[in-house]
Structures are given as structure tokens and as C-alpha cells.
Amino acid sequence: MERNKLKFSEFVDLPVIDSHLHLWTIRETLNEETLRKQGEKLVEIVKRGDIEQIYTSDGDAGIYLKAKYPRLFYAGASIPQCQKESVDKIKLDWEKYIGELVEIGFDGIGETGFWAHPDRKEERVPLDHSHYEGFWSACEALGCTVLCHVAEPEEFWDEKLIPDWAKEKDQLYYEEGYPTKEELYAEMGNVLDRHPDLKVVLCHFYFMSADLERASNFLDHYENTHFDLSLGVELMYNISRRRDDYRSFFIRYDDRILYGTDIGVSTTLQQHLDRIWLIRNFLESDEEFFTPRTADKLLTRYKEPYIGLKLPRATLEKIYYKNFQRLWGEKPRKININAAISRCEREGNAVVAGTLKRFL
């Protein structure tokens, strides 16, 4: 039986910044009307979900949100996707490229989503490939925080354990030709070894929640890395299986963990609110509870409950907003509207360019 006791009004009275959120209309179908409506829906989420600010990983659309709703949104920039067949043909001056993004008003890079769902080895360019070396170097030199999605839950590499929704999305990494989870970790490890001052937030607890000791060793070894708590709920499920040990972990590493929801994988207001509620209830209560029936289908329904951590207020302060502000700034960067319009037009994003012209 579900015992969802805490209501939004009962959560701790603290600012909450969502470090991991997306619009839920892809760029190819985006028009000015849907962009406006989704911005309005995000504002409603802020009010209904008791969120203070949002970091949205939507590239140019994030600049529109910053212009439309000053001080409410931070924006993460996208970077060009590259596949193996074209990698030798694409030459980027990464320092100039990232510098321009910062000048426009982007607050960070990513979520670097095209690494989220790994292509087959014959197609993908590894994270530690020389093509991306300039990217990592530029972000490190400029102090530009990267929200980075690497790997997936270990179940996706097991045909017997993979959830049905992942099969429907063809995330069948147990099939021949895909990199293993360990190979992806090795690539990211090479990047971090080469760039010790790189500020990285690894999405979804870096998919290490099933191995507390490994997660601890990783954070100890790479001192500029952080984990976000954006759902899939496998992280809450795994953490609940070692609830007391993980409660100590969260308190010990409270300056390395950030609140996030991955709203945008969800699509309706209720689904968005369910994601906010799940993580806050997990962090603030000590109740046993389950995925709400109204939540989106990507949130697995486990037979065993989640068990809340009931973290102290000082830890919640860091997870909810202080760590974010340390990495991305206490307030969003100012926008250079003319530079943003020029970039949108150059990149063929006429929808956002058109909306931004209204702010001149």
C-alpha cells in the first residue's frame, strides 16, 4: 500500500534549483506557439512544485526562456554531435566555440545528451577521442561546468533484466556491437585524468547507485566531479536497499550531490510534479513509498518500496541549491541578445531567432 504522506506544503522551506530539466518538444517540431506554451508550463511547474530556479538543457531554447523569464532560468548549451564517419572532416576551434557560448549567456554545457544513449562502436566517437580533447580543455580553462550523461542502468546490458520501456526505446545494449558500461566508464575516466580541474556533474548518480563503495571511491578520486539525482528511479531503489549506509554517504558527500528531476522525459503537469515529489520525499522523509500511479511510464514500478533518507537540513541546503550556485553561479548570466540571434540564424534555428528579436 502506498503511503505518500508528505505534501508539497510539508517539505522543508528551502530554495530548490532543478539542475536537470528539458523541454518536452524536440527541436524538429518546435514552433513559436509550443515554445511559448512550454515556457508557461515550466513557470506553472515552478509555482506548483515549489521550485526556485531551473537549469534547462535545451540549447538555444534555453536562451529564450532566460530572456522571457529573467532570473528564473539557467541555460545549458548544446555542442555539435559527431559520428565516426565524419569525425576527420569536422575541425572546431573549441576554445572559440565555448567562449562564444559563454559570451551569448549560456551558463554551462549540456546535458551532453548525444552521449546518453551510446551508438554502436562502428558509429560513435568515444568521449576520450582526440576530436573532443579541445572541448574538454576549453571547458576546463574557462571554468564552464558540464552536465554529462554517461552510460545507463546496468539492467540495460542484461536481456533478462532490462525494463520493457527501455526495449521499446531500443536501448538494447546487450546486443552485439555496443560499448559495455565499463568501456564508457573507462572513457570518462581518461577524460577526468587528463583534466583534473574540469567541473563535471554526472547525471543520474553516474549509474553507480548499485555499488556504494565504487561511488565513494570515484568521488574520492575525482574531486571536481558531482552526481545529480535525476530520475530513473533505479537510483532510489538501489539506495533504499542500503538505506542507512547511503544516508551516511549523502551526509559525507553532501557537497557533491545535486537535485535534479529529468522533467521533459515526463510530459504532463502531473507527471512533472510526481518527479519533483518523488525526490523530495526520498530526501526529506523516512517513509516507505512507491512510484505514484500517475507518474510517467519510464519510472519503474518496483515491488519493494523506496525508503526515505530524512537528511539533515544542512545537507538538504547543499543538495537543493548551494552546490548548484557554486558550480553555475548565484544568478544566471546576462544574455547578449544580438549574439544569440546571430548564432541561432547561423545554426538554422529560425524559431528561437524569431522569438529573441522581440526582446531587442
# chains A, B, ... in the order shown; residues from 1 in each chain; ligands from 1

$ residues_around --residues "His272 (chain A)" --least-positions-apart "3" --cutoff "12 Å" --atoms "only C-alpha atoms" --output "PyMOL selection string"
chain A and resi 18+21-24+41-42+44-46+48-49+51+231+260-269+275-279+292+294-296+299

$ write_last_selection --atoms "C-alpha atoms" --output "PDB file, in the first residue's frame"
ATOM      1  CA  ASP A  18      16.385  21.832 -10.540  1.00  0.00           C
ATOM      2  CA  LEU A  21      15.284  19.588 -16.887  1.00  0.00           C
ATOM      3  CA  HIS A  22      14.263  19.590 -20.557  1.00  0.00           C
ATOM      4  CA  LEU A  23      11.515  20.976 -22.708  1.00  0.00           C
ATOM      5  CA  TRP A  24       9.365  18.093 -23.884  1.00  0.00           C
ATOM      6  CA  LYS A  41       4.057  25.322 -18.288  1.00  0.00           C
ATOM      7  CA  LEU A  42       7.532  25.481 -16.752  1.00  0.00           C
ATOM      8  CA  GLU A  44       3.485  26.643 -13.560  1.00  0.00           C
ATOM      9  CA  ILE A  45       5.777  23.779 -12.513  1.00  0.00           C
ATOM     10  CA  VAL A  46       7.902  26.270 -10.582  1.00  0.00           C
ATOM     11  CA  ARG A  48       3.123  24.176  -8.144  1.00  0.00           C
ATOM     12  CA  GLY A  49       6.310  22.233  -7.431  1.00  0.00           C
ATOM     13  CA  ILE A  51      10.968  25.197  -7.360  1.00  0.00           C
ATOM     14  CA  LEU A 231      15.399  10.015 -12.163  1.00  0.00           C
ATOM     15  CA  GLY A 260      17.500  17.182 -10.472  1.00  0.00           C
ATOM     16  CA  THR A 261      14.365  15.630 -11.949  1.00  0.00           C
ATOM     17  CA  ASP A 262      14.805  14.979 -15.693  1.00  0.00           C
ATOM     18  CA  ILE A 263      11.443  16.619 -16.258  1.00  0.00           C
ATOM     19  CA  GLY A 264      10.880  16.596 -20.009  1.00  0.00           C
ATOM     20  CA  VAL A 265      11.067  12.833 -20.188  1.00  0.00           C
ATOM     21  CA  SER A 266       7.734  13.283 -18.444  1.00  0.00           C
ATOM     22  CA  THR A 267       5.172  15.244 -20.481  1.00  0.00           C
ATOM     23  CA  THR A 268       2.137  16.228 -18.381  1.00  0.00           C
ATOM     24  CA  LEU A 269       1.949  18.581 -15.416  1.00  0.00           C
ATOM     25  CA  ARG A 275       9.110  13.594 -10.320  1.00  0.00           C
ATOM     26  CA  ILE A 276       9.613  16.589  -8.049  1.00  0.00           C
ATOM     27  CA  TRP A 277       7.673  14.912  -5.248  1.00  0.00           C
ATOM     28  CA  LEU A 278       9.498  11.582  -5.531  1.00  0.00           C
ATOM     29  CA  ILE A 279      12.960  13.019  -4.997  1.00  0.00           C
ATOM     30  CA  PRO A 292       2.881   7.176  -7.823  1.00  0.00           C
ATOM     31  CA  THR A 294       0.145   8.917 -12.052  1.00  0.00           C
ATOM     32  CA  ALA A 295       3.895   9.078 -12.791  1.00  0.00           C
ATOM     33  CA  ASP A 296       5.289   8.599 -16.313  1.00  0.00           C
ATOM     34  CA  LEU A 299       9.624   5.372 -13.703  1.00  0.00           C
TER      35      LEU A 299
END

$ closest_residue --among "A:Lys7, A:Lys199, A:Arg241, A:Lys322" --to "Glu304 (chain A)" --atoms "only C-alpha atoms"
A:Arg241

$ residues_around --residues "region 331-334 of chain A" --least-positions-apart "6" --cutoff "8 Å" --atoms "only C-alpha atoms" --output "count of residues only"
7

$ atom_distance --atom1 "CA of Asp119 (chain A)" --atom2 "CA of Ser137 (chain A)"
24.1 Å

$ closest_residue --among "A:Tyr206, A:Lys167, A:Ile251, A:Glu288" --to "Ala314 (chain A)" --atoms "only C-alpha atoms"
A:Ile251

$ closest_residue --among "A:Met236, A:Ala138, A:Val352, A:Ile319" --to "Pro305 (chain A)" --atoms "only C-alpha atoms"
A:Met236

$ closest_residue --among "A:Lys96, A:Arg358, A:His149, A:Lys169" --to "Phe135 (chain A)" --atoms "only C-alpha atoms"
A:Lys96

$ atom_distance --atom1 "CA of Cys82 (chain A)" --atom2 "CA of Trp165 (chain A)"
26.9 Å

$ select_by_dssp --residues "region 112-360 of chain A" --states "alpha helix (DSSP H)" --output "JSON list (two decimals) with N, CA and C atoms, in the first residue's frame"
[["chain", "number", "residue", "atom", "x", "y", "z"],
["A", 130, "SER", "N", 40.34, 12.19, -29.63],
["A", 130, "SER", "CA", 41.07, 13.45, -29.84],
["A", 130, "SER", "C", 40.16, 14.57, -30.35],
["A", 131, "HIS", "N", 39.06, 14.20, -31.03],
["A", 131, "HIS", "CA", 38.13, 15.21, -31.54],
["A", 131, "HIS", "C", 37.57, 16.06, -30.41],
["A", 132, "TYR", "N", 37.33, 15.46, -29.25],
["A", 132, "TYR", "CA", 36.73, 16.17, -28.13],
["A", 132, "TYR", "C", 37.75, 16.75, -27.15],
["A", 133, "GLU", "N", 39.03, 16.51, -27.39],
["A", 133, "GLU", "CA", 40.04, 16.98, -26.45],
["A", 133, "GLU", "C", 39.97, 18.49, -26.27],
["A", 134, "GLY", "N", 39.79, 19.21, -27.38],
["A", 134, "GLY", "CA", 39.69, 20.67, -27.30],
["A", 134, "GLY", "C", 38.46, 21.11, -26.53],
["A", 135, "PHE", "N", 37.38, 20.36, -26.63],
["A", 135, "PHE", "CA", 36.16, 20.68, -25.88],
["A", 135, "PHE", "C", 36.40, 20.59, -24.38],
["A", 136, "TRP", "N", 36.94, 19.46, -23.94],
["A", 136, "TRP", "CA", 37.20, 19.29, -22.50],
["A", 136, "TRP", "C", 38.20, 20.34, -22.02],
["A", 137, "SER", "N", 39.24, 20.61, -22.81],
["A", 137, "SER", "CA", 40.25, 21.59, -22.42],
["A", 137, "SER", "C", 39.65, 22.98, -22.29],
["A", 138, "ALA", "N", 38.79, 23.36, -23.24],
["A", 138, "ALA", "CA", 38.18, 24.68, -23.20],
["A", 138, "ALA", "C", 37.27, 24.84, -21.99],
["A", 139, "CYS", "N", 36.48, 23.82, -21.70],
["A", 139, "CYS", "CA", 35.58, 23.89, -20.54],
["A", 139, "CYS", "C", 36.39, 23.98, -19.25],
["A", 140, "GLU", "N", 37.48, 23.23, -19.20],
["A", 140, "GLU", "CA", 38.34, 23.27, -18.01],
["A", 140, "GLU", "C", 38.96, 24.66, -17.85],
["A", 141, "ALA", "N", 39.49, 25.22, -18.94],
["A", 141, "ALA", "CA", 40.17, 26.51, -18.87],
["A", 141, "ALA", "C", 39.21, 27.64, -18.54],
["A", 142, "LEU", "N", 37.99, 27.57, -19.08],
["A", 142, "LEU", "CA", 37.01, 28.63, -18.88],
["A", 142, "LEU", "C", 36.17, 28.44, -17.62],
["A", 164, "ASP", "N", 10.73, -3.07, -19.86],
["A", 164, "ASP", "CA", 10.02, -3.08, -21.14],
["A", 164, "ASP", "C", 10.11, -1.74, -21.85],
["A", 165, "TRP", "N", 10.03, -0.64, -21.08],
["A", 165, "TRP", "CA", 10.05, 0.67, -21.73],
["A", 165, "TRP", "C", 11.39, 0.93, -22.42],
["A", 166, "ALA", "N", 12.48, 0.39, -21.86],
["A", 166, "ALA", "CA", 13.78, 0.55, -22.50],
["A", 166, "ALA", "C", 13.87, -0.28, -23.77],
["A", 167, "LYS", "N", 13.24, -1.44, -23.78],
["A", 167, "LYS", "CA", 13.18, -2.25, -25.01],
["A", 167, "LYS", "C", 12.43, -1.49, -26.09],
["A", 168, "GLU", "N", 11.33, -0.85, -25.70],
["A", 168, "GLU", "CA", 10.53, -0.08, -26.66],
["A", 168, "GLU", "C", 11.34, 1.07, -27.25],
["A", 181, "LYS", "N", 29.25, -0.99, -20.35],
["A", 181, "LYS", "CA", 29.21, 0.08, -19.36],
["A", 181, "LYS", "C", 30.61, 0.39, -18.85],
["A", 182, "GLU", "N", 31.43, -0.63, -18.67],
["A", 182, "GLU", "CA", 32.79, -0.42, -18.20],
["A", 182, "GLU", "C", 33.64, 0.33, -19.21],
["A", 183, "GLU", "N", 33.40, 0.10, -20.49],
["A", 183, "GLU", "CA", 34.14, 0.84, -21.52],
["A", 183, "GLU", "C", 33.77, 2.31, -21.48],
["A", 184, "LEU", "N", 32.49, 2.62, -21.24],
["A", 184, "LEU", "CA", 32.07, 4.02, -21.13],
["A", 184, "LEU", "C", 32.70, 4.68, -19.90],
["A", 185, "TYR", "N", 32.73, 3.96, -18.80],
["A", 185, "TYR", "CA", 33.38, 4.49, -17.60],
["A", 185, "TYR", "C", 34.87, 4.72, -17.83],
["A", 186, "ALA", "N", 35.49, 3.82, -18.57],
["A", 186, "ALA", "CA", 36.93, 3.97, -18.84],
["A", 186, "ALA", "C", 37.19, 5.23, -19.68],
["A", 187, "GLU", "N", 36.32, 5.49, -20.67],
["A", 187, "GLU", "CA", 36.47, 6.70, -21.49],
["A", 187, "GLU", "C", 36.36, 7.95, -20.64],
["A", 188, "MET", "N", 35.34, 8.00, -19.76],
["A", 188, "MET", "CA", 35.16, 9.18, -18.93],
["A", 188, "MET", "C", 36.31, 9.30, -17.95],
["A", 189, "GLY", "N", 36.80, 8.18, -17.44],
["A", 189, "GLY", "CA", 37.95, 8.22, -16.54],
["A", 189, "GLY", "C", 39.17, 8.81, -17.21],
["A", 190, "ASN", "N", 39.39, 8.48, -18.48],
["A", 190, "ASN", "CA", 40.52, 9.05, -19.22],
["A", 190, "ASN", "C", 40.38, 10.58, -19.33],
["A", 191, "VAL", "N", 39.16, 11.03, -19.60],
["A", 191, "VAL", "CA", 38.91, 12.48, -19.69],
["A", 191, "VAL", "C", 39.23, 13.15, -18.36],
["A", 192, "LEU", "N", 38.75, 12.58, -17.28],
["A", 192, "LEU", "CA", 38.94, 13.20, -15.96],
["A", 192, "LEU", "C", 40.40, 13.14, -15.52],
["A", 193, "ASP", "N", 41.11, 12.09, -15.91],
["A", 193, "ASP", "CA", 42.54, 12.02, -15.59],
["A", 193, "ASP", "C", 43.32, 13.13, -16.31],
["A", 194, "ARG", "N", 42.92, 13.42, -17.54],
["A", 194, "ARG", "CA", 43.62, 14.44, -18.33],
["A", 194, "ARG", "C", 43.24, 15.85, -17.90],
["A", 212, "LEU", "N", 27.70, 1.24, -3.75],
["A", 212, "LEU", "CA", 28.04, 2.37, -2.89],
["A", 212, "LEU", "C", 29.55, 2.55, -2.79],
["A", 213, "GLU", "N", 30.28, 1.46, -2.62],
["A", 213, "GLU", "CA", 31.72, 1.56, -2.43],
["A", 213, "GLU", "C", 32.39, 2.14, -3.67],
["A", 214, "ARG", "N", 31.93, 1.73, -4.84],
["A", 214, "ARG", "CA", 32.52, 2.26, -6.06],
["A", 214, "ARG", "C", 32.20, 3.75, -6.21],
["A", 215, "ALA", "N", 30.98, 4.13, -5.89],
["A", 215, "ALA", "CA", 30.60, 5.54, -5.97],
["A", 215, "ALA", "C", 31.46, 6.37, -5.03],
["A", 216, "SER", "N", 31.69, 5.87, -3.84],
["A", 216, "SER", "CA", 32.52, 6.58, -2.87],
["A", 216, "SER", "C", 33.96, 6.72, -3.35],
["A", 217, "ASN", "N", 34.50, 5.63, -3.85],
["A", 217, "ASN", "CA", 35.88, 5.66, -4.35],
["A", 217, "ASN", "C", 36.02, 6.62, -5.53],
["A", 218, "PHE", "N", 35.00, 6.66, -6.38],
["A", 218, "PHE", "CA", 35.04, 7.55, -7.53],
["A", 218, "PHE", "C", 35.08, 9.01, -7.09],
["A", 219, "LEU", "N", 34.20, 9.39, -6.18],
["A", 219, "LEU", "CA", 34.16, 10.77, -5.72],
["A", 219, "LEU", "C", 35.44, 11.15, -4.98],
["A", 220, "ASP", "N", 36.02, 10.20, -4.25],
["A", 220, "ASP", "CA", 37.28, 10.48, -3.56],
["A", 220, "ASP", "C", 38.42, 10.71, -4.55],
["A", 221, "HIS", "N", 38.39, 9.96, -5.65],
["A", 221, "HIS", "CA", 39.49, 10.02, -6.63],
["A", 221, "HIS", "C", 39.38, 11.26, -7.52],
["A", 234, "GLU", "N", 15.67, 3.86, -10.51],
["A", 234, "GLU", "CA", 16.54, 2.78, -10.05],
["A", 234, "GLU", "C", 17.53, 3.29, -9.01],
["A", 235, "LEU", "N", 17.88, 4.57, -9.07],
["A", 235, "LEU", "CA", 18.83, 5.08, -8.08],
["A", 235, "LEU", "C", 18.18, 5.11, -6.69],
["A", 236, "MET", "N", 16.89, 5.50, -6.60],
["A", 236, "MET", "CA", 16.23, 5.49, -5.30],
["A", 236, "MET", "C", 16.01, 4.06, -4.81],
["A", 237, "TYR", "N", 15.72, 3.18, -5.74],
["A", 237, "TYR", "CA", 15.53, 1.77, -5.38],
["A", 237, "TYR", "C", 16.83, 1.18, -4.84],
["A", 238, "ASN", "N", 17.92, 1.38, -5.58],
["A", 238, "ASN", "CA", 19.21, 0.84, -5.14],
["A", 238, "ASN", "C", 19.65, 1.42, -3.81],
["A", 239, "ILE", "N", 19.50, 2.73, -3.66],
["A", 239, "ILE", "CA", 19.90, 3.39, -2.42],
["A", 239, "ILE", "C", 19.07, 2.89, -1.25],
["A", 240, "SER", "N", 17.79, 2.63, -1.49],
["A", 240, "SER", "CA", 16.91, 2.15, -0.43],
["A", 240, "SER", "C", 17.31, 0.77, 0.09],
["A", 241, "ARG", "N", 17.93, -0.03, -0.77],
["A", 241, "ARG", "CA", 18.34, -1.37, -0.33],
["A", 241, "ARG", "C", 19.47, -1.29, 0.69],
["A", 243, "ARG", "N", 19.83, 1.63, 2.84],
["A", 243, "ARG", "CA", 19.37, 2.94, 3.24],
["A", 243, "ARG", "C", 20.28, 3.60, 4.27],
["A", 244, "ASP", "N", 20.63, 2.92, 5.34],
["A", 244, "ASP", "CA", 21.42, 3.54, 6.41],
["A", 244, "ASP", "C", 22.83, 3.88, 5.94],
["A", 245, "ASP", "N", 23.44, 2.96, 5.18],
["A", 245, "ASP", "CA", 24.78, 3.23, 4.65],
["A", 245, "ASP", "C", 24.74, 4.43, 3.71],
["A", 246, "TYR", "N", 23.72, 4.49, 2.88],
["A", 246, "TYR", "CA", 23.64, 5.58, 1.92],
["A", 246, "TYR", "C", 23.28, 6.90, 2.59],
["A", 247, "ARG", "N", 22.55, 6.85, 3.68],
["A", 247, "ARG", "CA", 22.28, 8.10, 4.39],
["A", 247, "ARG", "C", 23.60, 8.72, 4.86],
["A", 248, "SER", "N", 24.49, 7.88, 5.37],
["A", 248, "SER", "CA", 25.82, 8.36, 5.76],
["A", 248, "SER", "C", 26.60, 8.87, 4.56],
["A", 249, "PHE", "N", 26.47, 8.19, 3.42],
["A", 249, "PHE", "CA", 27.13, 8.60, 2.18],
["A", 249, "PHE", "C", 26.66, 10.01, 1.78],
["A", 250, "PHE", "N", 25.35, 10.25, 1.80],
["A", 250, "PHE", "CA", 24.82, 11.55, 1.38],
["A", 250, "PHE", "C", 25.32, 12.66, 2.30],
["A", 251, "ILE", "N", 25.42, 12.39, 3.58],
["A", 251, "ILE", "CA", 25.90, 13.41, 4.50],
["A", 251, "ILE", "C", 27.40, 13.65, 4.29],
["A", 252, "ARG", "N", 28.15, 12.58, 4.05],
["A", 252, "ARG", "CA", 29.59, 12.72, 3.84],
["A", 252, "ARG", "C", 29.89, 13.48, 2.55],
["A", 269, "LEU", "N", 1.68, 17.87, -16.66],
["A", 269, "LEU", "CA", 1.95, 18.58, -15.42],
["A", 269, "LEU", "C", 2.01, 17.62, -14.24],
["A", 270, "GLN", "N", 1.07, 16.68, -14.16],
["A", 270, "GLN", "CA", 1.07, 15.75, -13.04],
["A", 270, "GLN", "C", 2.33, 14.89, -13.04],
["A", 271, "GLN", "N", 2.75, 14.44, -14.21],
["A", 271, "GLN", "CA", 3.98, 13.65, -14.30],
["A", 271, "GLN", "C", 5.20, 14.47, -13.84],
["A", 272, "HIS", "N", 5.24, 15.72, -14.22],
["A", 272, "HIS", "CA", 6.34, 16.58, -13.79],
["A", 272, "HIS", "C", 6.35, 16.72, -12.27],
["A", 273, "LEU", "N", 5.18, 16.97, -11.70],
["A", 273, "LEU", "CA", 5.07, 17.14, -10.26],
["A", 273, "LEU", "C", 5.41, 15.85, -9.53],
["A", 274, "ASP", "N", 5.06, 14.71, -10.11],
["A", 274, "ASP", "CA", 5.41, 13.43, -9.49],
["A", 274, "ASP", "C", 6.92, 13.27, -9.37],
["A", 275, "ARG", "N", 7.65, 13.70, -10.38],
["A", 275, "ARG", "CA", 9.11, 13.59, -10.32],
["A", 275, "ARG", "C", 9.68, 14.50, -9.22],
["A", 276, "ILE", "N", 9.17, 15.69, -9.12],
["A", 276, "ILE", "CA", 9.61, 16.59, -8.05],
["A", 276, "ILE", "C", 9.31, 15.97, -6.69],
["A", 277, "TRP", "N", 8.08, 15.48, -6.53],
["A", 277, "TRP", "CA", 7.67, 14.91, -5.25],
["A", 277, "TRP", "C", 8.51, 13.69, -4.88],
["A", 278, "LEU", "N", 8.76, 12.81, -5.83],
["A", 278, "LEU", "CA", 9.50, 11.58, -5.53],
["A", 278, "LEU", "C", 10.86, 11.87, -4.90],
["A", 279, "ILE", "N", 11.61, 12.77, -5.50],
["A", 279, "ILE", "CA", 12.96, 13.02, -5.00],
["A", 279, "ILE", "C", 12.92, 13.76, -3.66],
["A", 280, "ARG", "N", 12.04, 14.73, -3.54],
["A", 280, "ARG", "CA", 11.98, 15.46, -2.28],
["A", 280, "ARG", "C", 11.49, 14.56, -1.14],
["A", 281, "ASN", "N", 10.51, 13.72, -1.41],
["A", 281, "ASN", "CA", 10.04, 12.81, -0.38],
["A", 281, "ASN", "C", 11.14, 11.82, 0.01],
["A", 282, "PHE", "N", 11.92, 11.41, -0.97],
["A", 282, "PHE", "CA", 13.03, 10.49, -0.72],
["A", 282, "PHE", "C", 14.10, 11.13, 0.16],
["A", 283, "LEU", "N", 14.38, 12.38, -0.07],
["A", 283, "LEU", "CA", 15.43, 13.06, 0.69],
["A", 283, "LEU", "C", 14.97, 13.53, 2.07],
["A", 284, "GLU", "N", 13.68, 13.85, 2.19],
["A", 284, "GLU", "CA", 13.22, 14.52, 3.42],
["A", 284, "GLU", "C", 12.45, 13.63, 4.39],
["A", 313, "ARG", "N", 18.93, 19.26, 7.62],
["A", 313, "ARG", "CA", 18.70, 20.49, 6.86],
["A", 313, "ARG", "C", 19.97, 21.00, 6.19],
["A", 314, "ALA", "N", 21.10, 20.93, 6.88],
["A", 314, "ALA", "CA", 22.36, 21.44, 6.32],
["A", 314, "ALA", "C", 22.74, 20.68, 5.05],
["A", 315, "THR", "N", 22.48, 19.39, 5.02],
["A", 315, "THR", "CA", 22.75, 18.59, 3.83],
["A", 315, "THR", "C", 21.77, 18.93, 2.72],
["A", 316, "LEU", "N", 20.51, 19.09, 3.07],
["A", 316, "LEU", "CA", 19.50, 19.46, 2.07],
["A", 316, "LEU", "C", 19.82, 20.81, 1.43],
["A", 317, "GLU", "N", 20.32, 21.76, 2.22],
["A", 317, "GLU", "CA", 20.67, 23.07, 1.67],
["A", 317, "GLU", "C", 21.69, 22.93, 0.54],
["A", 323, "ASN", "N", 25.16, 23.77, -3.83],
["A", 323, "ASN", "CA", 26.11, 23.15, -4.76],
["A", 323, "ASN", "C", 25.90, 23.67, -6.17],
["A", 324, "PHE", "N", 24.65, 23.84, -6.56],
["A", 324, "PHE", "CA", 24.36, 24.38, -7.89],
["A", 324, "PHE", "C", 24.95, 25.78, -8.04],
["A", 325, "GLN", "N", 24.71, 26.63, -7.08],
["A", 325, "GLN", "CA", 25.19, 28.01, -7.18],
["A", 325, "GLN", "C", 26.71, 28.07, -7.21],
["A", 326, "ARG", "N", 27.36, 27.17, -6.50],
["A", 326, "ARG", "CA", 28.83, 27.13, -6.53],
["A", 326, "ARG", "C", 29.34, 26.76, -7.92],
["A", 327, "LEU", "N", 28.62, 25.88, -8.63],
["A", 327, "LEU", "CA", 29.07, 25.40, -9.94],
["A", 327, "LEU", "C", 28.61, 26.29, -11.08],
["A", 328, "TRP", "N", 27.39, 26.83, -11.01],
["A", 328, "TRP", "CA", 26.83, 27.59, -12.12],
["A", 328, "TRP", "C", 26.65, 29.07, -11.83],
["A", 337, "ILE", "N", 21.69, 39.44, -26.52],
["A", 337, "ILE", "CA", 20.60, 39.06, -27.43],
["A", 337, "ILE", "C", 21.07, 39.06, -28.88],
["A", 338, "ASN", "N", 21.80, 40.08, -29.31],
["A", 338, "ASN", "CA", 22.24, 40.14, -30.70],
["A", 338, "ASN", "C", 23.14, 38.97, -31.06],
["A", 339, "ALA", "N", 24.04, 38.63, -30.16],
["A", 339, "ALA", "CA", 24.92, 37.49, -30.40],
["A", 339, "ALA", "C", 24.13, 36.19, -30.44],
["A", 340, "ALA", "N", 23.12, 36.08, -29.58],
["A", 340, "ALA", "CA", 22.29, 34.87, -29.56],
["A", 340, "ALA", "C", 21.50, 34.73, -30.85],
["A", 341, "ILE", "N", 20.95, 35.84, -31.34],
["A", 341, "ILE", "CA", 20.19, 35.80, -32.60],
["A", 341, "ILE", "C", 21.10, 35.40, -33.75],
["A", 342, "SER", "N", 22.28, 35.97, -33.80],
["A", 342, "SER", "CA", 23.23, 35.64, -34.88],
["A", 342, "SER", "C", 23.58, 34.16, -34.86],
["A", 343, "ARG", "N", 23.80, 33.61, -33.68],
["A", 343, "ARG", "CA", 24.13, 32.20, -33.60],
["A", 343, "ARG", "C", 22.96, 31.33, -34.04],
["A", 344, "CYS", "N", 21.74, 31.67, -33.60],
["A", 344, "CYS", "CA", 20.56, 30.90, -33.99],
["A", 344, "CYS", "C", 20.37, 30.91, -35.50],
["A", 345, "GLU", "N", 20.53, 32.06, -36.09],
["A", 345, "GLU", "CA", 20.37, 32.15, -37.54],
["A", 345, "GLU", "C", 21.46, 31.35, -38.26],
["A", 346, "ARG", "N", 22.67, 31.42, -37.75],
["A", 346, "ARG", "CA", 23.77, 30.67, -38.36],
["A", 346, "ARG", "C", 23.56, 29.16, -38.24],
["A", 350, "ALA", "N", 15.57, 29.09, -36.75],
["A", 350, "ALA", "CA", 14.81, 30.30, -37.02],
["A", 350, "ALA", "C", 13.74, 30.57, -35.97],
["A", 351, "VAL", "N", 13.19, 29.52, -35.35],
["A", 351, "VAL", "CA", 12.13, 29.71, -34.36],
["A", 351, "VAL", "C", 12.64, 30.53, -33.18],
["A", 352, "VAL", "N", 13.75, 30.13, -32.58],
["A", 352, "VAL", "CA", 14.26, 30.85, -31.43],
["A", 352, "VAL", "C", 14.78, 32.22, -31.85],
["A", 353, "ALA", "N", 15.42, 32.31, -33.02],
["A", 353, "ALA", "CA", 15.89, 33.61, -33.51],
["A", 353, "ALA", "C", 14.73, 34.60, -33.60],
["A", 354, "GLY", "N", 13.59, 34.13, -34.13],
["A", 354, "GLY", "CA", 12.43, 34.99, -34.28],
["A", 354, "GLY", "C", 11.88, 35.46, -32.95],
["A", 355, "THR", "N", 11.84, 34.55, -31.98],
["A", 355, "THR", "CA", 11.31, 34.95, -30.66],
["A", 355, "THR", "C", 12.27, 35.91, -29.96],
["A", 356, "LEU", "N", 13.55, 35.73, -30.12],
["A", 356, "LEU", "CA", 14.51, 36.59, -29.45],
["A", 356, "LEU", "C", 14.49, 38.02, -29.98]]

$ closest_residue --among "A:Asp88, A:Val43, A:Cys144, A:Pro179" --to "Pro126 (chain A)" --atoms "only C-alpha atoms"
A:Pro179

$ closest_residue --among "A:Ala210, A:Ile54, A:Leu172, A:Val16" --to "Lys318 (chain A)" --atoms "only C-alpha atoms"
A:Val16

$ select_by_dssp --residues "region 7-101 of chain A" --states "strand (DSSP E or B)" --output "compact mmCIF listing (two decimals) with C-alpha atoms, in the first residue's frame"
# COMPACT_ATOMS: atom_id res chain seq x y z
CA ILE A 17 17.11 24.58 -8.01
CA ASP A 18 16.38 21.83 -10.54
CA SER A 19 19.73 21.12 -12.21
CA HIS A 20 18.39 18.74 -14.86
CA LEU A 21 15.28 19.59 -16.89
CA GLN A 53 15.02 28.15 -10.40
CA ILE A 54 15.65 25.75 -13.29
CA TYR A 55 18.67 24.77 -15.37
CA THR A 56 17.28 23.66 -18.71
CA PHE A 73 16.18 30.04 -15.81
CA TYR A 74 19.77 28.96 -16.33
CA ALA A 75 20.58 27.57 -19.78
CA GLY A 76 22.85 24.74 -20.83
CA ALA A 77 24.34 24.92 -24.33
CA GLN A 83 29.87 10.30 -35.66

$ atom_distance --atom1 "CA of Pro163 (chain A)" --atom2 "CA of Leu298 (chain A)"
8.9 Å
